[in-house]
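Structure data follow from data_12.cif (mmCIF, C-alpha atoms):
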data_query
loop_
_atom_site.label_atom_id
_atom_site.label_comp_id
_atom_site.auth_asym_id
_atom_site.auth_seq_id
_atom_site.Cartn_x
_atom_site.Cartn_y
_atom_site.Cartn_z
CA MET Z 795 -16.15 -22.19 66.76
CA ALA Z 796 -12.87 -21.61 64.97
CA VAL Z 797 -10.99 -18.35 65.14
CA THR Z 798 -9.16 -16.43 62.47
CA THR Z 799 -5.43 -17.04 62.78
CA ARG Z 800 -3.38 -13.91 63.41
CA ALA Z 801 -0.19 -15.47 64.73
CA GLU Z 802 2.18 -13.14 62.85
CA SER Z 803 3.57 -10.76 65.46
CA ARG Z 804 4.92 -7.27 65.06
CA LEU Z 805 7.20 -7.89 68.03
CA ASP Z 806 10.83 -8.92 67.65
CA VAL Z 807 10.29 -11.83 70.02
CA ALA Z 808 13.80 -13.23 69.54
CA ARG Z 809 15.29 -9.92 70.70
CA ILE Z 810 12.86 -9.72 73.61
CA ARG Z 811 13.66 -13.27 74.72
CA ALA Z 812 17.36 -12.41 74.81
CA ASP Z 813 16.55 -9.96 77.62
CA PHE Z 814 15.25 -12.76 79.87
CA PRO Z 815 18.07 -14.94 81.26
CA VAL Z 816 15.76 -17.63 82.64
CA LEU Z 817 14.26 -18.41 79.24
CA SER Z 818 17.50 -19.98 78.00
CA GLN Z 819 17.22 -22.81 80.51
CA THR Z 820 16.08 -26.36 79.91
CA VAL Z 821 13.61 -28.35 82.03
CA ARG Z 822 14.12 -32.10 82.25
CA GLY Z 823 16.25 -31.93 79.14
CA LYS Z 824 13.64 -29.97 77.15
CA PRO Z 825 13.65 -26.27 76.27
CA LEU Z 826 11.77 -24.26 78.88
CA VAL Z 827 8.26 -23.32 77.74
CA TYR Z 828 6.96 -20.93 80.38
CA LEU Z 829 3.18 -20.52 80.08
CA ASP Z 830 2.22 -19.51 83.63
CA ASN Z 831 2.39 -15.75 83.14
CA ALA Z 832 -1.02 -15.11 84.71
CA ALA Z 833 0.54 -16.31 87.98
CA THR Z 834 3.81 -14.43 87.63
CA SER Z 835 6.01 -13.21 84.79
CA GLN Z 836 9.71 -13.63 84.18
CA LYS Z 837 12.05 -10.65 84.66
CA PRO Z 838 14.25 -8.99 82.03
CA ARG Z 839 17.86 -8.01 82.62
CA GLN Z 840 16.84 -4.36 82.66
CA VAL Z 841 14.73 -4.88 85.78
CA ILE Z 842 17.31 -7.08 87.48
CA GLU Z 843 20.06 -4.56 86.78
CA ALA Z 844 17.97 -1.59 87.96
CA MET Z 845 17.48 -3.30 91.30
CA SER Z 846 21.13 -4.37 91.52
CA ARG Z 847 22.26 -0.78 90.94
CA VAL Z 848 20.48 0.33 94.08
CA PHE Z 849 22.31 -2.23 96.22
CA GLU Z 850 25.63 -1.68 94.47
CA GLU Z 851 25.63 2.11 94.16
CA HIS Z 852 23.39 3.96 96.63
CA ASN Z 853 21.31 1.74 98.92
CA ALA Z 854 19.75 3.75 101.76
CA ASN Z 855 16.36 4.21 103.37
CA ILE Z 856 14.10 6.60 101.49
CA HIS Z 857 12.52 9.88 102.63
CA ARG Z 858 14.52 9.95 105.85
CA GLY Z 859 18.16 10.72 105.17
CA VAL Z 860 19.60 14.11 104.27
CA TYR Z 861 22.71 12.49 102.83
CA GLU Z 862 23.38 11.74 99.17
CA PHE Z 863 22.68 7.98 99.18
CA SER Z 864 19.26 8.47 100.72
CA GLU Z 865 18.43 11.36 98.41
CA ARG Z 866 19.45 9.35 95.32
CA THR Z 867 17.41 6.33 96.35
CA THR Z 868 14.43 8.52 97.21
CA ALA Z 869 14.64 10.21 93.81
CA VAL Z 870 14.67 6.91 91.90
CA PHE Z 871 11.81 5.59 94.06
CA GLU Z 872 9.64 8.62 93.34
CA GLU Z 873 10.60 8.47 89.65
CA ALA Z 874 9.14 4.95 89.67
CA ARG Z 875 5.88 6.35 91.02
CA ALA Z 876 5.80 8.89 88.21
CA LYS Z 877 6.37 6.11 85.68
CA VAL Z 878 3.46 4.10 87.07
CA ALA Z 879 1.25 7.19 86.99
CA GLY Z 880 2.17 7.70 83.36
CA LEU Z 881 1.53 4.07 82.49
CA ILE Z 882 -2.09 4.18 83.69
CA ASN Z 883 -2.60 7.89 82.84
CA ALA Z 884 -3.29 8.89 86.43
CA PRO Z 885 -4.14 12.60 86.76
CA SER Z 886 -1.59 12.93 89.57
CA GLU Z 887 1.35 10.98 90.95
CA ARG Z 888 -0.13 11.62 94.39
CA GLU Z 889 -2.91 9.18 93.52
CA VAL Z 890 -0.51 6.23 93.09
CA ILE Z 891 0.16 4.24 96.26
CA PHE Z 892 2.81 1.54 96.32
CA VAL Z 893 1.72 -1.80 97.79
CA ARG Z 894 3.07 -5.35 97.63
CA ASN Z 895 0.46 -6.62 95.17
CA ALA Z 896 -3.14 -6.27 94.05
CA THR Z 897 -4.31 -8.32 97.03
CA GLU Z 898 -2.89 -5.77 99.44
CA GLY Z 899 -4.37 -3.05 97.28
CA VAL Z 900 -7.91 -4.39 97.57
CA ASN Z 901 -7.48 -4.89 101.30
CA LEU Z 902 -6.22 -1.33 101.66
CA VAL Z 903 -9.40 -0.02 100.04
CA ALA Z 904 -11.57 -2.42 102.05
CA TYR Z 905 -10.06 -1.26 105.34
CA ALA Z 906 -9.46 2.41 104.63
CA TRP Z 907 -12.55 3.17 102.55
CA GLY Z 908 -14.91 0.27 103.15
CA ARG Z 909 -15.06 0.38 106.92
CA ASP Z 910 -16.07 4.01 106.92
CA ASN Z 911 -18.43 3.92 103.94
CA LEU Z 912 -20.23 0.58 104.06
CA LYS Z 913 -22.85 -0.14 106.71
CA ARG Z 914 -25.68 -2.50 107.50
CA GLY Z 915 -28.08 -2.84 104.58
CA ASP Z 916 -25.67 -1.52 101.95
CA ARG Z 917 -25.17 -3.63 98.83
CA ILE Z 918 -21.85 -4.70 97.29
CA VAL Z 919 -22.05 -6.02 93.74
CA THR Z 920 -19.29 -8.22 92.38
CA THR Z 921 -18.97 -11.09 89.88
CA VAL Z 922 -18.31 -14.82 89.71
CA LEU Z 923 -15.19 -14.01 87.66
CA GLU Z 924 -13.38 -12.41 90.58
CA HIS Z 925 -10.07 -13.63 91.96
CA HIS Z 926 -10.41 -14.44 95.64
CA SER Z 927 -8.46 -11.25 96.36
CA ASP Z 928 -11.33 -9.17 95.00
CA PHE Z 929 -14.02 -11.30 96.57
CA VAL Z 930 -13.00 -12.46 100.05
CA PRO Z 931 -12.20 -8.95 101.44
CA TRP Z 932 -15.70 -7.75 100.47
CA GLN Z 933 -17.36 -10.94 101.68
CA GLN Z 934 -15.67 -10.60 105.07
CA LEU Z 935 -16.35 -6.87 105.34
CA ALA Z 936 -20.02 -7.45 104.51
CA MET Z 937 -20.23 -10.02 107.29
CA GLU Z 938 -18.65 -7.57 109.73
CA VAL Z 939 -20.85 -4.56 108.96
CA GLY Z 940 -24.05 -6.30 107.89
CA ALA Z 941 -23.86 -5.43 104.21
CA GLU Z 942 -25.10 -7.67 101.38
CA VAL Z 943 -22.99 -9.13 98.56
CA ALA Z 944 -24.64 -9.80 95.19
CA VAL Z 945 -22.68 -11.90 92.69
CA VAL Z 946 -23.28 -11.50 88.96
CA ASP Z 947 -23.08 -14.65 86.83
CA ILE Z 948 -21.50 -15.35 83.42
CA ASP Z 949 -22.99 -16.92 80.31
CA ASP Z 950 -21.81 -20.24 78.91
CA ASP Z 951 -19.08 -18.50 76.89
CA GLY Z 952 -17.59 -16.98 80.03
CA ARG Z 953 -18.82 -13.45 79.43
CA LEU Z 954 -20.44 -11.39 82.15
CA ARG Z 955 -24.24 -11.40 82.25
CA ARG Z 956 -24.81 -7.71 81.60
CA ASP Z 957 -28.56 -8.10 82.00
CA GLN Z 958 -28.07 -9.53 85.46
CA LEU Z 959 -25.54 -6.85 86.35
CA SER Z 960 -27.95 -4.10 85.31
CA ALA Z 961 -30.71 -5.68 87.36
CA GLU Z 962 -28.46 -5.78 90.45
CA LEU Z 963 -27.42 -2.16 89.99
CA ARG Z 964 -31.03 -1.07 89.75
CA LYS Z 965 -31.65 -2.53 93.21
CA GLY Z 966 -29.19 -0.02 94.66
CA VAL Z 967 -25.46 -0.45 95.18
CA LYS Z 968 -22.79 1.20 97.28
CA LEU Z 969 -19.74 -0.55 95.79
CA LEU Z 970 -19.06 -2.39 92.55
CA ALA Z 971 -15.92 -4.55 92.75
CA ILE Z 972 -15.12 -5.95 89.32
CA THR Z 973 -12.22 -7.52 87.52
CA HIS Z 974 -11.02 -5.92 84.33
CA THR Z 975 -9.76 -9.24 82.97
CA SER Z 976 -10.42 -12.73 84.33
CA ASN Z 977 -7.35 -14.67 85.39
CA GLY Z 978 -9.34 -17.90 85.09
CA LEU Z 979 -10.88 -17.51 81.64
CA GLY Z 980 -9.15 -14.56 80.00
CA THR Z 981 -12.47 -12.74 79.63
CA VAL Z 982 -12.18 -8.94 79.31
CA ASN Z 983 -15.08 -7.02 80.82
CA PRO Z 984 -16.34 -3.78 79.24
CA VAL Z 985 -15.29 -1.87 82.35
CA LYS Z 986 -15.78 1.62 80.93
CA GLU Z 987 -19.44 0.96 80.11
CA ILE Z 988 -20.00 -0.88 83.38
CA ALA Z 989 -18.38 1.86 85.49
CA ALA Z 990 -20.60 4.49 83.90
CA GLU Z 991 -23.69 2.39 84.62
CA ALA Z 992 -22.57 1.78 88.20
CA HIS Z 993 -21.89 5.46 88.83
CA ALA Z 994 -25.35 6.30 87.53
CA ALA Z 995 -26.67 3.90 90.17
CA GLY Z 996 -24.66 5.70 92.89
CA ALA Z 997 -21.84 3.19 93.27
CA THR Z 998 -18.14 3.59 93.93
CA VAL Z 999 -16.19 1.36 91.50
CA LEU Z 1000 -13.07 -0.66 92.25
CA VAL Z 1001 -11.35 -2.39 89.33
CA ASP Z 1002 -8.98 -5.33 89.76
CA ALA Z 1003 -6.58 -4.79 86.84
CA ALA Z 1004 -3.95 -7.35 87.83
CA GLN Z 1005 -4.44 -9.20 84.53
CA ALA Z 1006 -4.94 -6.06 82.45
CA VAL Z 1007 -2.14 -3.60 83.27
CA PRO Z 1008 0.61 -6.07 82.20
CA HIS Z 1009 -0.98 -6.90 78.86
CA THR Z 1010 -2.94 -4.01 77.39
CA PRO Z 1011 -3.13 -0.21 77.63
CA VAL Z 1012 -5.10 0.86 80.72
CA ASP Z 1013 -6.21 4.47 81.16
CA VAL Z 1014 -7.84 5.12 84.53
CA GLN Z 1015 -9.33 8.39 83.32
CA ASP Z 1016 -10.94 6.72 80.33
CA LEU Z 1017 -12.19 3.75 82.38
CA GLY Z 1018 -13.94 6.00 84.86
CA ALA Z 1019 -13.14 3.84 87.87
CA ASP Z 1020 -12.67 5.20 91.39
CA PHE Z 1021 -10.01 2.71 92.49
CA LEU Z 1022 -7.75 0.44 90.46
CA VAL Z 1023 -5.28 -2.15 91.73
CA PHE Z 1024 -2.52 -4.18 90.05
CA SER Z 1025 0.50 -6.38 90.85
CA GLY Z 1026 4.05 -5.76 89.69
CA HIS Z 1027 5.15 -9.39 89.63
CA LYS Z 1028 2.75 -10.12 86.76
CA MET Z 1029 4.26 -7.33 84.63
CA LEU Z 1030 8.01 -8.12 84.61
CA ALA Z 1031 8.60 -6.49 88.02
CA PRO Z 1032 9.65 -8.22 91.25
CA PRO Z 1033 7.30 -9.75 93.81
CA GLY Z 1034 6.53 -7.22 96.53
CA SER Z 1035 5.64 -4.45 94.08
CA GLY Z 1036 2.26 -3.21 92.97
CA GLY Z 1037 -0.02 -0.26 93.09
CA VAL Z 1038 -3.34 1.24 94.08
CA TRP Z 1039 -4.69 4.15 92.13
CA GLY Z 1040 -7.53 6.15 93.64
CA ARG Z 1041 -9.24 9.46 93.06
CA THR Z 1042 -7.68 12.23 95.13
CA ALA Z 1043 -10.94 13.21 96.81
CA LEU Z 1044 -11.51 9.64 97.99
CA LEU Z 1045 -7.93 9.06 99.15
CA GLU Z 1046 -7.81 12.31 101.10
CA ASN Z 1047 -10.92 11.35 103.08
CA MET Z 1048 -9.74 7.81 103.86
CA ARG Z 1049 -8.09 6.73 107.09
CA PRO Z 1050 -4.60 5.20 106.85
CA PHE Z 1051 -4.38 1.46 106.29
CA LEU Z 1052 -1.29 0.98 108.49
CA TYR Z 1053 0.23 3.15 111.19
CA GLY Z 1054 3.90 3.83 111.88
CA GLY Z 1055 6.82 5.66 110.36
CA ASP Z 1056 6.78 7.81 107.22
CA MET Z 1057 2.97 8.00 107.06
CA ILE Z 1058 2.85 10.77 109.65
CA SER Z 1059 3.60 14.47 109.57
CA ARG Z 1060 3.52 15.10 113.35
CA VAL Z 1061 3.15 12.97 116.48
CA THR Z 1062 2.53 14.23 120.01
CA ILE Z 1063 1.58 12.34 123.13
CA SER Z 1064 -2.08 13.03 122.48
CA LEU Z 1065 -2.36 13.51 118.70
CA THR Z 1066 -1.03 12.24 115.37
CA GLU Z 1067 -1.38 14.04 112.06
CA TRP Z 1068 -1.09 12.09 108.81
CA ASN Z 1069 1.34 12.70 106.01
CA GLU Z 1070 0.17 13.94 102.62
CA LEU Z 1071 -0.80 11.67 99.74
CA PRO Z 1072 0.45 9.20 98.77
CA TRP Z 1073 2.72 8.63 101.76
CA LYS Z 1074 -0.22 8.54 104.19
CA PHE Z 1075 -0.77 4.96 102.99
CA GLU Z 1076 2.89 3.84 102.88
CA ALA Z 1077 3.79 3.10 106.48
CA GLY Z 1078 7.26 1.97 107.49
CA THR Z 1079 10.21 1.23 105.27
CA SER Z 1080 8.81 0.66 101.79
CA SER Z 1081 9.92 -2.15 99.50
CA TYR Z 1082 11.74 0.61 97.69
CA VAL Z 1083 14.01 -1.61 95.62
CA ASP Z 1084 11.00 -3.57 94.42
CA ALA Z 1085 9.25 -0.33 93.52
CA ILE Z 1086 12.32 0.79 91.58
CA GLY Z 1087 12.22 -2.56 89.79
CA LEU Z 1088 8.57 -1.85 88.96
CA GLY Z 1089 9.60 1.45 87.45
CA ALA Z 1090 12.16 -0.32 85.27
CA ALA Z 1091 9.48 -2.81 84.20
CA VAL Z 1092 7.21 0.07 83.21
CA ASP Z 1093 10.04 1.48 81.07
CA TYR Z 1094 10.44 -1.90 79.37
CA LEU Z 1095 6.73 -2.33 78.67
CA GLN Z 1096 6.41 1.23 77.40
CA GLU Z 1097 9.32 0.75 75.03
CA VAL Z 1098 7.88 -2.47 73.60
CA GLY Z 1099 4.35 -1.05 73.53
CA LEU Z 1100 1.39 -2.51 75.39
CA ALA Z 1101 -0.88 -2.38 72.35
CA ARG Z 1102 1.66 -4.45 70.44
CA ILE Z 1103 2.00 -6.87 73.35
CA HIS Z 1104 -1.77 -7.35 73.42
CA GLU Z 1105 -1.85 -7.96 69.66
CA HIS Z 1106 0.98 -10.47 69.97
CA GLU Z 1107 -0.81 -12.40 72.71
CA LEU Z 1108 -4.04 -12.50 70.71
CA GLY Z 1109 -2.03 -13.88 67.80
CA LEU Z 1110 -0.83 -16.72 69.99
CA VAL Z 1111 -4.37 -17.41 71.22
CA SER Z 1112 -5.70 -17.43 67.66
CA TYR Z 1113 -2.99 -19.92 66.77
CA VAL Z 1114 -3.47 -22.32 69.68
CA LEU Z 1115 -7.23 -22.21 70.33
CA PRO Z 1116 -8.37 -24.11 67.21
CA ARG Z 1117 -5.63 -26.70 67.74
CA LEU Z 1118 -6.80 -27.38 71.28
CA GLN Z 1119 -10.45 -27.39 70.23
CA ASP Z 1120 -9.71 -30.01 67.56
CA ILE Z 1121 -8.24 -32.50 70.06
CA PRO Z 1122 -10.85 -35.11 71.11
CA GLY Z 1123 -11.64 -34.94 74.80
CA VAL Z 1124 -10.34 -31.38 75.31
CA THR Z 1125 -12.80 -28.81 76.67
CA VAL Z 1126 -11.78 -25.15 76.40
CA TYR Z 1127 -13.46 -22.69 78.78
CA GLY Z 1128 -14.18 -19.03 78.23
CA PRO Z 1129 -14.67 -17.03 75.02
CA LYS Z 1130 -13.94 -19.09 71.92
CA THR Z 1131 -13.29 -16.02 69.78
CA LEU Z 1132 -10.77 -13.21 70.15
CA GLU Z 1133 -13.31 -10.59 71.09
CA ASP Z 1134 -13.19 -9.66 74.76
CA ARG Z 1135 -10.27 -11.88 75.77
CA VAL Z 1136 -6.55 -11.87 76.52
CA GLY Z 1137 -3.80 -14.49 76.36
CA VAL Z 1138 -5.27 -16.90 78.92
CA VAL Z 1139 -6.54 -20.31 77.82
CA SER Z 1140 -8.14 -22.65 80.37
CA PHE Z 1141 -9.00 -26.21 79.43
CA ASN Z 1142 -9.46 -29.74 80.70
CA ILE Z 1143 -8.63 -33.13 79.20
CA GLU Z 1144 -11.38 -35.67 79.76
CA GLY Z 1145 -10.29 -38.41 82.12
CA ILE Z 1146 -7.19 -36.62 83.47
CA HIS Z 1147 -7.12 -34.39 86.54
CA PRO Z 1148 -5.50 -31.00 85.84
CA HIS Z 1149 -2.77 -31.67 88.42
CA ASP Z 1150 -1.81 -34.82 86.53
CA VAL Z 1151 -1.91 -32.86 83.28
CA ALA Z 1152 0.51 -30.29 84.68
CA THR Z 1153 2.83 -33.06 85.91
CA ILE Z 1154 3.01 -34.62 82.45
CA PHE Z 1155 3.47 -31.19 80.89
CA ASP Z 1156 6.42 -30.58 83.20
CA ARG Z 1157 8.12 -33.67 81.75
CA GLU Z 1158 7.79 -31.98 78.37
CA GLY Z 1159 9.32 -28.75 79.69
CA VAL Z 1160 5.96 -26.93 79.59
CA CYS Z 1161 5.04 -24.87 82.68
CA VAL Z 1162 1.29 -24.32 83.16
CA ARG Z 1163 -0.96 -23.76 86.15
CA ALA Z 1164 -3.38 -26.42 87.34
CA GLY Z 1165 -6.00 -25.79 90.01
CA HIS Z 1166 -8.79 -23.38 90.78
CA HIS Z 1167 -6.59 -20.30 90.16
CA CYS Z 1168 -8.00 -18.57 93.26
CA ASN Z 1169 -11.37 -18.72 91.44
CA GLN Z 1170 -13.35 -21.31 93.38
CA PRO Z 1171 -16.75 -19.65 92.79
CA LEU Z 1172 -15.92 -19.64 89.07
CA MET Z 1173 -14.93 -23.30 89.12
CA THR Z 1174 -18.23 -24.10 90.83
CA ARG Z 1175 -20.03 -22.18 88.08
CA LEU Z 1176 -18.17 -24.20 85.42
CA GLY Z 1177 -18.95 -27.44 87.23
CA VAL Z 1178 -15.32 -28.51 87.56
CA PRO Z 1179 -12.90 -28.70 90.51
CA ALA Z 1180 -10.04 -27.20 88.53
CA THR Z 1181 -8.69 -26.43 85.07
CA THR Z 1182 -5.35 -26.44 83.30
CA ARG Z 1183 -4.38 -22.87 82.39
CA ALA Z 1184 -1.86 -21.71 79.81
CA SER Z 1185 -1.17 -17.98 79.88
CA PHE Z 1186 0.96 -16.09 77.38
CA TYR Z 1187 3.14 -12.99 77.41
CA LEU Z 1188 5.35 -10.92 75.16
CA TYR Z 1189 8.18 -13.46 75.06
CA ASN Z 1190 6.11 -16.52 74.09
CA THR Z 1191 6.14 -17.96 70.56
CA THR Z 1192 4.04 -20.08 68.21
CA GLU Z 1193 6.65 -22.82 68.63
CA GLU Z 1194 5.81 -22.83 72.34
CA CYS Z 1195 2.13 -23.13 71.41
CA ASP Z 1196 3.10 -26.20 69.38
CA ALA Z 1197 4.88 -27.57 72.47
CA LEU Z 1198 1.71 -27.02 74.50
CA VAL Z 1199 -0.39 -28.95 71.98
CA GLY Z 1200 2.26 -31.67 71.89
CA ALA Z 1201 2.12 -31.91 75.69
CA VAL Z 1202 -1.66 -32.43 75.51
CA HIS Z 1203 -1.13 -35.38 73.19
CA ALA Z 1204 1.62 -36.72 75.48
CA ALA Z 1205 -0.73 -36.58 78.48
CA LYS Z 1206 -3.47 -38.34 76.56
CA LYS Z 1207 -1.01 -41.04 75.55
CA VAL Z 1208 0.23 -41.58 79.12
CA PHE Z 1209 -3.32 -41.93 80.47
CA GLY Z 1210 -4.65 -43.81 77.46
CA VAL Z 1211 -7.50 -41.40 76.78
#

Kindly return the structure encoded in the file as structure tokens.
Amino acid sequence: MAVTTRAESRLDVARIRADFPVLSQTVRGKPLVYLDNAATSQKPRQVIEAMSRVFEEHNANIHRGVYEFSERTTAVFEEARAKVAGLINAPSEREVIFVRNATEGVNLVAYAWGRDNLKRGDRIVTTVLEHHSDFVPWQQLAMEVGAEVAVVDIDDDGRLRRDQLSAELRKGVKLLAITHTSNGLGTVNPVKEIAAEAHAAGATVLVDAAQAVPHTPVDVQDLGADFLVFSGHKMLAPPGSGGVWGRTALLENMRPFLYGGDMISRVTISLTEWNELPWKFEAGTSSYVDAIGLGAAVDYLQEVGLARIHEHELGLVSYVLPRLQDIPGVTVYGPKTLEDRVGVVSFNIEGIHPHDVATIFDREGVCVRAGHHCNQPLMTRLGVPATTRASFYLYNTTEECDALVGAVHAAKKVFGV
């Protein structure tokens, strides 16, 4: 099915690209075409400079010192938390916990909430779309406590089987762990509707928003989730930054995830009392420079506008999808129309393994991901060992889409298919 082209962007992409030093490079003599943004994004000068300023001007451990350097670093760190809270419309900054990435965020909830609230016979509902990070922690916890995991399937267009989800919820559920946006197919789930249905069934709802927060407006109050996790490195921020948002009532009743410095208010030989939110969950010296970089990334995304970024990415998808679909031997997975999707396009070329595809693409200067994308249950559902994935962001262009299509033809030529 063809899609309506909407490749004209309201973004000044040339100006945006000028903010990203790495994008001016060449790869094997070809202009760099970076299309692996679902794995990690490139970083603008504004983020790099914000982190450099800490090291150059006032580097010191946060929350501990009563001297100016420490107080300045602490202030910028906590300003970053406020920026993240604003980005996702959290009711309180106290509900935003800094972690290294969404993976750590899910594990935090699994350890600190799951081990006290899930028991033998309880049911966890999740989906075949989940990244391993939102599947394996619940699988392992269920094995430890004797809970059951039910996995909801997708239809042949890569959309969640809502009928099957509703049937699973009617059986009783303690936790629903669901991705907002699939990193493997680009499918966007109707999380607001699903969260309401899950709550009516008595479930607590965790949303993996690692592929949503960087690309589209996300409002935790509107979604109705109980926990939400995301990674900074996918949204222009450095690796080692990310966040967990949780409802205050839940967070206050949860045990700490890690023990040590800064997450305590008082320690005696016989007793330890925990710090207040959010610091109860931030043990030891935080990756404070990374968090400050995350704050700068939030500023950048807010200035550009996440709604405009989403529209730009959909324009690129509308431009490239029909071109890929028209190439003989190319199979595109996931939604074929723009409804319920983001800028992720997964495909295979008949007769060529995705790893070989990515190798040929690299010769053309085109960076894509090849593999199972930490989605092995999804790959099993699709009946393939792996796919080639191109994923777009605010700095990508239609010319780079042309380079992607050209790389497909180059791979076919090399392999004679």

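Picture a line from atom CA of His926 of chain Z to atom CA of Asn1169 of chain Z; it runs 6.1 Å.
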
| message | Set the distance at 9 Å and use all atoms listed in the file: which residues neighbour Ile1086 of chain Z once local chain neighbours fewer than 6 positions away are removed? I'd like the list as a VMD selection string. | response | chain Z and resid 841 844 to 845 848 867 870 to 875 1031 1035

| task | For Phe1075 of chain Z, list every protein, DNA or RNA residue within 8 Å, evaluated using only C-alpha atoms, and leave out those in the same chain fewer than 2 positions away; present the list as an NGL selection string. | result | :Z and (891 or 1050-1052 or 1057 or 1071-1073 or 1077)

| request: Would you kindly translate the PyMOL selection byres ((chain Z and resi 975) around 12) into the concrete residues it picks from this file, as a PyMOL selection string? | output: chain Z and resi 832+921+923-925+952-954+972-974+976-985+1001-1010+1012+1024+1128+1134-1138

| Distance in Å - atom CA of Tyr861 of chain Z versus atom CA of Arg1060 of chain Z |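 Atom-to-atom, atom CA of Tyr861 of chain Z to atom CA of Arg1060 of chain Z, that is 22.0 Å.
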
| remark: Counting all atoms listed in the file, the residue among Z:Thr1042, Z:Asn911, Z:Gln836, Z:Thr1174 that lies closest to Asp813 of chain Z is Z:Gln836

| message | the PyMOL selection byres ((chain Z and resi 969) around 6) - which residues does that actually catch in the file I just gave you? List them as a PyMOL selection string. | response | chain Z and resi 918+967-968+970+997-999

| task | Identify, on the basis of only C-alpha atoms, every residue whose closest approach to Ala995 of chain Z does not exceed 7 Å; exclude the query and any residue fewer than 5 positions from it along the same chain; express the result as a list of chain:residue names. | result |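 In the requested format, the answer is Z:Leu963, Z:Arg964, Z:Gly966, Z:Val967.
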
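Summary of the local environment: counting only C-alpha atoms, residues at most 8 Å from segment 1204-1207 of chain Z, other than itself and those fewer than 5 positions away along its chain, are Ile1143, Val1151, Ile1154 and Phe1155 of chain Z.
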
| query | So how far away is atom CA of Gly1165 of chain Z from atom CA of Tyr1189 of chain Z, in Å? | reply |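 These two atoms are separated by 24.0 Å.
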
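Here the PyMOL selection byres ((chain Z and resi 880-883) around 10) captures the residues Z:Ala874, Z:Arg875, Z:Ala876, Z:Lys877, Z:Val878, Z:Ala879, Z:Ala884, Z:Pro885, Z:Ser886, Z:Glu887, Z:Val890, Z:Val1007, Z:Pro1011, Z:Val1012, Z:Asp1013, Z:Val1014, Z:Gln1015, Z:Asp1016, Z:Leu1022, Z:Trp1039, Z:Gly1089, Z:Val1092, Z:Asp1093, Z:Leu1095, Z:Gln1096, Z:Leu1100.
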
Export C-alpha atoms of the chosen residues as a PDB file, keeping the file's coordinate frame?
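And here's again.pdb as it stands now:
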ATOM      1  CA  ALA Z 874       9.140   4.950  89.670  1.00  0.00           C
ATOM      2  CA  ARG Z 875       5.880   6.350  91.020  1.00  0.00           C
ATOM      3  CA  ALA Z 876       5.800   8.890  88.210  1.00  0.00           C
ATOM      4  CA  LYS Z 877       6.370   6.110  85.680  1.00  0.00           C
ATOM      5  CA  VAL Z 878       3.460   4.100  87.070  1.00  0.00           C
ATOM      6  CA  ALA Z 879       1.250   7.190  86.990  1.00  0.00           C
ATOM      7  CA  ALA Z 884      -3.290   8.890  86.430  1.00  0.00           C
ATOM      8  CA  PRO Z 885      -4.140  12.600  86.760  1.00  0.00           C
ATOM      9  CA  SER Z 886      -1.590  12.930  89.570  1.00  0.00           C
ATOM     10  CA  GLU Z 887       1.350  10.980  90.950  1.00  0.00           C
ATOM     11  CA  VAL Z 890      -0.510   6.230  93.090  1.00  0.00           C
ATOM     12  CA  VAL Z1007      -2.140  -3.600  83.270  1.00  0.00           C
ATOM     13  CA  PRO Z1011      -3.130  -0.210  77.630  1.00  0.00           C
ATOM     14  CA  VAL Z1012      -5.100   0.860  80.720  1.00  0.00           C
ATOM     15  CA  ASP Z1013      -6.210   4.470  81.160  1.00  0.00           C
ATOM     16  CA  VAL Z1014      -7.840   5.120  84.530  1.00  0.00           C
ATOM     17  CA  GLN Z1015      -9.330   8.390  83.320  1.00  0.00           C
ATOM     18  CA  ASP Z1016     -10.940   6.720  80.330  1.00  0.00           C
ATOM     19  CA  LEU Z1022      -7.750   0.440  90.460  1.00  0.00           C
ATOM     20  CA  TRP Z1039      -4.690   4.150  92.130  1.00  0.00           C
ATOM     21  CA  GLY Z1089       9.600   1.450  87.450  1.00  0.00           C
ATOM     22  CA  VAL Z1092       7.210   0.070  83.210  1.00  0.00           C
ATOM     23  CA  ASP Z1093      10.040   1.480  81.070  1.00  0.00           C
ATOM     24  CA  LEU Z1095       6.730  -2.330  78.670  1.00  0.00           C
ATOM     25  CA  GLN Z1096       6.410   1.230  77.400  1.00  0.00           C
ATOM     26  CA  LEU Z1100       1.390  -2.510  75.390  1.00  0.00           C
TER      27      LEU Z1100
END

| request: Take the point (-14.9, -0.8, 84.4) as written in the file and pick out every residue within 6 Å of it, counting all atoms listed in the file; give the list as a list of chain:residue names. | output: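 Every polymer residue passing the test: Z:Val985, Z:Lys986, Z:Ile988, Z:Ala989, Z:Leu1017.
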
| Counting all atoms listed in the file, which of Z:Arg839, Z:Arg1117, Z:Lys1130, Z:His1147 gets nearest to Arg811 of chain Z? |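 Using all atoms listed in the file, Arg811 of chain Z sits closest to Z:Arg839.
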
| request: Please provide as a PyMOL selection string all residues within 12 Å of Glu1076 of chain Z, with the sequence filter that same-chain residues fewer than 2 positions apart are discarded (counting all atoms listed in the file). | output: chain Z and resi 856-857+888+890-894+898-899+902+1037-1038+1050-1058+1068-1074+1078-1082
